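> One structure coming up, written as structure tokens, with questions to follow.
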Amino acid sequence: MLLLDGNKLSALIRKEIQDKVRLFCQNDVRPPHLAAVLIGDNPASQTYVRNKIRACDEVGFASTLIKKPASTTQEELLHVIDNLNRNPEIDGYIVQLPLPRHIDEHAVNLAIDPAKDVDGFHPFNFGKMALGLPSLLPATPMGIMMMLERYHIETEGKHCVVLGRSNIVGTPVALLLSKKAKPGNATVTIAHSKTCNLAGLCRQADIIVAALGIPRFLKADMVREGAVVIDVGINRIDDPTTNRGFRLVGDVDFEEVSQKVSAISPVPGGVGPMTITALVENTWRAFSKKS
């Protein structure tokens, strides 16, 4: 069984980006600059943003963190976004989700300059991706594709089942797996809560991408021998034996499923680090287009 180690692969890719930054910026050229906007004090969001800033520092990017209270109005946030759009020193930025309920995430996404949309959520970038045109891709699907490519997981002619249909992971990764490219050229089925005979469908799959947000949903009896499983889920479950009182698990029952598959990504340490690395790569691409 091949463990698809996101930590190890991320370190390798970030070193490659670091080398490109050093070479490109050796003649008094400023480094790429990523900004992150954090609204409120959600602990998980704080951790995600901190990890993204740390990854930028690691590869030699400049980074800026803009923190605002949970009481920030939509108008105030849109003003922050407008300033970032206009700032020529900012190559890319993210607005960390989720946002407080009184803020319309769709309106926020629409306000982001597509050229600086390193999370890949803007409809302009999503549409270009759907058409197979070069674009800034959604970070998690991009990280999954990087993982499949770097670990030489064959997708051409394979049946891939994607569990989940969100615009952040499920739908875009299905589009990327089916496109005429490498990796790609797969036959893709998107499954969700209304799918009939879900277990039987999963047993037909050569590759399963689990992105439902349900802890340990995918069991061993839902997976055929030798399949490849990509676990996107990050779920907190109570665990009084740990110092924090909880631990992270994926959407896959790793202990069971890992005994049957040919390759699997763990949680933590799988898709999560690859998402951050894809964000860094998108920032480099946004910077490179301007330079």
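Chains: A, B, ... in order of the structure tokens. Residues: from 1 per chain. Ligands: from 1, in order shown.
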As a list of chain:residue names, please: all residues of segment 200-276 of chain A that backbone DSSP puts in helix (DSSP H, G or I).

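Assigned to helix (DSSP H, G or I), within segment 200-276 of chain A: A:Gly200, A:Leu201, A:Cys202, A:Arg203, A:Ala220, A:Asp221, A:Met222, A:Phe254, A:Glu255, A:Glu256, A:Val257, A:Val271, A:Gly272, A:Pro273, A:Met274, A:Thr275, A:Ile276.
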
> Given the selection you just returned, output its residues as a file containing N, CA and C atoms, formatted as a short mmCIF file (atom, residue, chain, number, x, y, z; two decimals), in the first residue's frame.


data_model
loop_
_atom_site.label_atom_id
_atom_site.label_comp_id
_atom_site.auth_asym_id
_atom_site.auth_seq_id
_atom_site.Cartn_x
_atom_site.Cartn_y
_atom_site.Cartn_z
N GLY A 200 -22.49 0.44 -3.62
CA GLY A 200 -22.23 -0.33 -4.83
C GLY A 200 -21.48 0.49 -5.87
N LEU A 201 -21.83 1.75 -5.97
CA LEU A 201 -21.14 2.64 -6.91
C LEU A 201 -19.67 2.80 -6.54
N CYS A 202 -19.40 2.98 -5.26
CA CYS A 202 -18.01 3.12 -4.80
C CYS A 202 -17.20 1.87 -5.10
N ARG A 203 -17.84 0.71 -4.99
CA ARG A 203 -17.11 -0.54 -5.24
C ARG A 203 -16.72 -0.71 -6.71
N ALA A 220 -14.51 -0.05 4.59
CA ALA A 220 -13.79 -1.02 3.76
C ALA A 220 -14.72 -1.77 2.82
N ASP A 221 -15.96 -2.04 3.25
CA ASP A 221 -16.86 -2.80 2.38
C ASP A 221 -17.42 -1.96 1.24
N MET A 222 -17.03 -0.66 1.17
CA MET A 222 -17.45 0.21 0.08
C MET A 222 -16.34 0.41 -0.95
N PHE A 254 -9.70 5.13 7.87
CA PHE A 254 -8.35 4.83 7.38
C PHE A 254 -7.88 3.44 7.80
N GLU A 255 -8.11 3.06 9.03
CA GLU A 255 -7.61 1.77 9.53
C GLU A 255 -8.18 0.61 8.73
N GLU A 256 -9.47 0.69 8.41
CA GLU A 256 -10.11 -0.37 7.63
C GLU A 256 -9.71 -0.32 6.16
N VAL A 257 -9.88 0.86 5.57
CA VAL A 257 -9.75 1.01 4.12
C VAL A 257 -8.30 0.81 3.66
N VAL A 271 -4.13 15.63 2.00
CA VAL A 271 -4.59 16.69 1.11
C VAL A 271 -4.40 18.07 1.74
N GLY A 272 -4.49 18.16 3.05
CA GLY A 272 -4.36 19.47 3.72
C GLY A 272 -3.10 20.22 3.34
N PRO A 273 -1.91 19.62 3.52
CA PRO A 273 -0.68 20.31 3.12
C PRO A 273 -0.62 20.62 1.63
N MET A 274 -1.22 19.75 0.81
CA MET A 274 -1.22 19.98 -0.63
C MET A 274 -2.09 21.19 -1.00
N THR A 275 -3.16 21.42 -0.25
CA THR A 275 -4.00 22.60 -0.49
C THR A 275 -3.20 23.87 -0.28
N ILE A 276 -2.44 23.92 0.81
CA ILE A 276 -1.63 25.10 1.09
C ILE A 276 -0.54 25.28 0.04
#

> I want to know what sits within 7 Å of segment 50-63 of chain A, based on only C-alpha atoms, with residues of the same chain fewer than 6 positions away left out; could you give that as an MDAnalysis selection string?

chainID A and resid 14:15 17:18 21 31:35 276 280

> Would you output that residue set with N, CA and C atoms, as a PDB file, in the first residue's frame?


ATOM      1  N   ARG A  14       7.464  22.869  -2.404  1.00  0.00           N
ATOM      2  CA  ARG A  14       7.781  24.195  -1.866  1.00  0.00           C
ATOM      3  C   ARG A  14       9.269  24.512  -2.040  1.00  0.00           C
ATOM      4  N   LYS A  15      10.116  23.501  -1.954  1.00  0.00           N
ATOM      5  CA  LYS A  15      11.544  23.729  -2.206  1.00  0.00           C
ATOM      6  C   LYS A  15      11.760  24.145  -3.654  1.00  0.00           C
ATOM      7  N   ILE A  17       9.578  25.790  -5.508  1.00  0.00           N
ATOM      8  CA  ILE A  17       9.108  27.170  -5.607  1.00  0.00           C
ATOM      9  C   ILE A  17      10.125  28.116  -4.978  1.00  0.00           C
ATOM     10  N   GLN A  18      10.682  27.725  -3.847  1.00  0.00           N
ATOM     11  CA  GLN A  18      11.700  28.538  -3.176  1.00  0.00           C
ATOM     12  C   GLN A  18      12.890  28.797  -4.096  1.00  0.00           C
ATOM     13  N   VAL A  21      11.925  31.362  -6.694  1.00  0.00           N
ATOM     14  CA  VAL A  21      11.862  32.707  -6.121  1.00  0.00           C
ATOM     15  C   VAL A  21      13.266  33.287  -5.967  1.00  0.00           C
ATOM     16  N   PRO A  31       9.866  39.972  -3.996  1.00  0.00           N
ATOM     17  CA  PRO A  31       9.290  38.625  -4.016  1.00  0.00           C
ATOM     18  C   PRO A  31       7.778  38.667  -4.185  1.00  0.00           C
ATOM     19  N   PRO A  32       7.164  37.540  -4.527  1.00  0.00           N
ATOM     20  CA  PRO A  32       5.694  37.472  -4.559  1.00  0.00           C
ATOM     21  C   PRO A  32       5.111  37.832  -3.195  1.00  0.00           C
ATOM     22  N   HIS A  33       3.922  38.397  -3.210  1.00  0.00           N
ATOM     23  CA  HIS A  33       3.302  38.891  -1.973  1.00  0.00           C
ATOM     24  C   HIS A  33       1.869  38.362  -1.878  1.00  0.00           C
ATOM     25  N   LEU A  34       1.610  37.591  -0.827  1.00  0.00           N
ATOM     26  CA  LEU A  34       0.277  37.050  -0.552  1.00  0.00           C
ATOM     27  C   LEU A  34      -0.314  37.745   0.666  1.00  0.00           C
ATOM     28  N   ALA A  35      -1.566  38.138   0.563  1.00  0.00           N
ATOM     29  CA  ALA A  35      -2.293  38.694   1.704  1.00  0.00           C
ATOM     30  C   ALA A  35      -3.412  37.743   2.104  1.00  0.00           C
ATOM     31  N   ILE A 276      -2.438  23.922   0.806  1.00  0.00           N
ATOM     32  CA  ILE A 276      -1.626  25.105   1.093  1.00  0.00           C
ATOM     33  C   ILE A 276      -0.539  25.279   0.036  1.00  0.00           C
ATOM     34  N   VAL A 280       0.224  28.423  -2.577  1.00  0.00           N
ATOM     35  CA  VAL A 280       1.533  29.040  -2.802  1.00  0.00           C
ATOM     36  C   VAL A 280       1.867  29.032  -4.301  1.00  0.00           C
TER      37      VAL A 280
END

> What are the DSSP strand (DSSP E) residues of segment 195-228 of chain A, as a ChimeraX atom specification?

/A:207-210,228

> Residues near segment 258-266 of chain A, anyone? I mean within 8 Å using only C-alpha atoms, not counting same-chain ones fewer than 4 positions away, as a PyMOL selection string.

chain A and resi 1-6+220+223-231+250+254+270-271

> Need the shell around Arg236 of chain A: protein/DNA/RNA residues with any atom at most 10 Å away, counting only C-alpha atoms. Skip same-chain ones fewer than 2 positions apart. Format as a PDB file with N, CA and C atoms, in the first residue's frame?


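Generated file (selection08.pdb):
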ATOM      1  N   PRO A 215     -17.300  12.218   9.194  1.00  0.00           N
ATOM      2  CA  PRO A 215     -16.175  11.443   9.733  1.00  0.00           C
ATOM      3  C   PRO A 215     -16.290   9.953   9.423  1.00  0.00           C
ATOM      4  N   GLY A 233     -11.542  14.966   3.690  1.00  0.00           N
ATOM      5  CA  GLY A 233     -12.208  15.382   4.919  1.00  0.00           C
ATOM      6  C   GLY A 233     -11.254  15.754   6.036  1.00  0.00           C
ATOM      7  N   ILE A 234     -11.626  16.780   6.790  1.00  0.00           N
ATOM      8  CA  ILE A 234     -10.920  17.141   8.026  1.00  0.00           C
ATOM      9  C   ILE A 234     -11.990  17.361   9.080  1.00  0.00           C
ATOM     10  N   ASP A 238     -14.258  13.940  19.278  1.00  0.00           N
ATOM     11  CA  ASP A 238     -13.836  13.966  20.676  1.00  0.00           C
ATOM     12  C   ASP A 238     -12.873  12.826  20.970  1.00  0.00           C
ATOM     13  N   ASP A 239     -11.822  13.135  21.697  1.00  0.00           N
ATOM     14  CA  ASP A 239     -10.857  12.122  22.122  1.00  0.00           C
ATOM     15  C   ASP A 239     -10.220  12.578  23.435  1.00  0.00           C
ATOM     16  N   GLY A 245      -8.228  17.217  23.666  1.00  0.00           N
ATOM     17  CA  GLY A 245      -9.575  16.694  23.853  1.00  0.00           C
ATOM     18  C   GLY A 245     -10.249  16.281  22.568  1.00  0.00           C
ATOM     19  N   PHE A 246      -9.546  16.377  21.461  1.00  0.00           N
ATOM     20  CA  PHE A 246     -10.094  15.952  20.174  1.00  0.00           C
ATOM     21  C   PHE A 246      -8.946  15.533  19.273  1.00  0.00           C
ATOM     22  N   ARG A 247      -9.320  14.884  18.161  1.00  0.00           N
ATOM     23  CA  ARG A 247      -8.334  14.594  17.135  1.00  0.00           C
ATOM     24  C   ARG A 247      -8.989  14.703  15.775  1.00  0.00           C
ATOM     25  N   LEU A 248      -8.147  14.789  14.751  1.00  0.00           N
ATOM     26  CA  LEU A 248      -8.634  14.963  13.391  1.00  0.00           C
ATOM     27  C   LEU A 248      -8.734  13.620  12.684  1.00  0.00           C
ATOM     28  N   VAL A 249      -9.833  13.403  11.995  1.00  0.00           N
ATOM     29  CA  VAL A 249     -10.012  12.216  11.162  1.00  0.00           C
ATOM     30  C   VAL A 249     -10.576  12.661   9.821  1.00  0.00           C
ATOM     31  N   GLY A 250     -10.449  11.816   8.832  1.00  0.00           N
ATOM     32  CA  GLY A 250     -10.956  12.138   7.511  1.00  0.00           C
ATOM     33  C   GLY A 250     -12.354  11.609   7.279  1.00  0.00           C
TER      34      GLY A 250
END

> Tell me which of A:Cys25, A:Val188, A:Leu176, A:Leu97 sits closest to Met146 of chain A, counting only C-alpha atoms.

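With only C-alpha atoms as the atom set, the closest residue is A:Leu176.
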
> Residues near segment 164-173 of chain A, anyone? I mean within 8 Å using only C-alpha atoms, not counting same-chain ones fewer than 3 positions away, as a list in words.

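Using only C-alpha atoms, the neighbours found are Phe121, Phe126, Ala130, Pro138, Thr140, Pro141, Met142, Ile144, Met145, Leu176, Leu177, Ile190, Ala191, His192, Ala210, Ala211 and Leu212 of chain A.
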
> For Pro100 of chain A, find every residue with an atom within 10 Å (counting only C-alpha atoms), except residues of its own chain fewer than 4 positions away, and show them as a PyMOL selection string.

chain A and resi 39-40+42+69-74+104-105

> Can you measure atom CA of Ile208 of chain A to atom CA of Val161 of chain A for me? One decimal in Å is fine.

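Computing it gives 4.9 Å between the two atoms.
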
> As an exercise, work out the distance from atom CA of Asn125 of chain A to atom CA of Arg22 of chain A in Å and give it to one decimal place.

28.2 Å
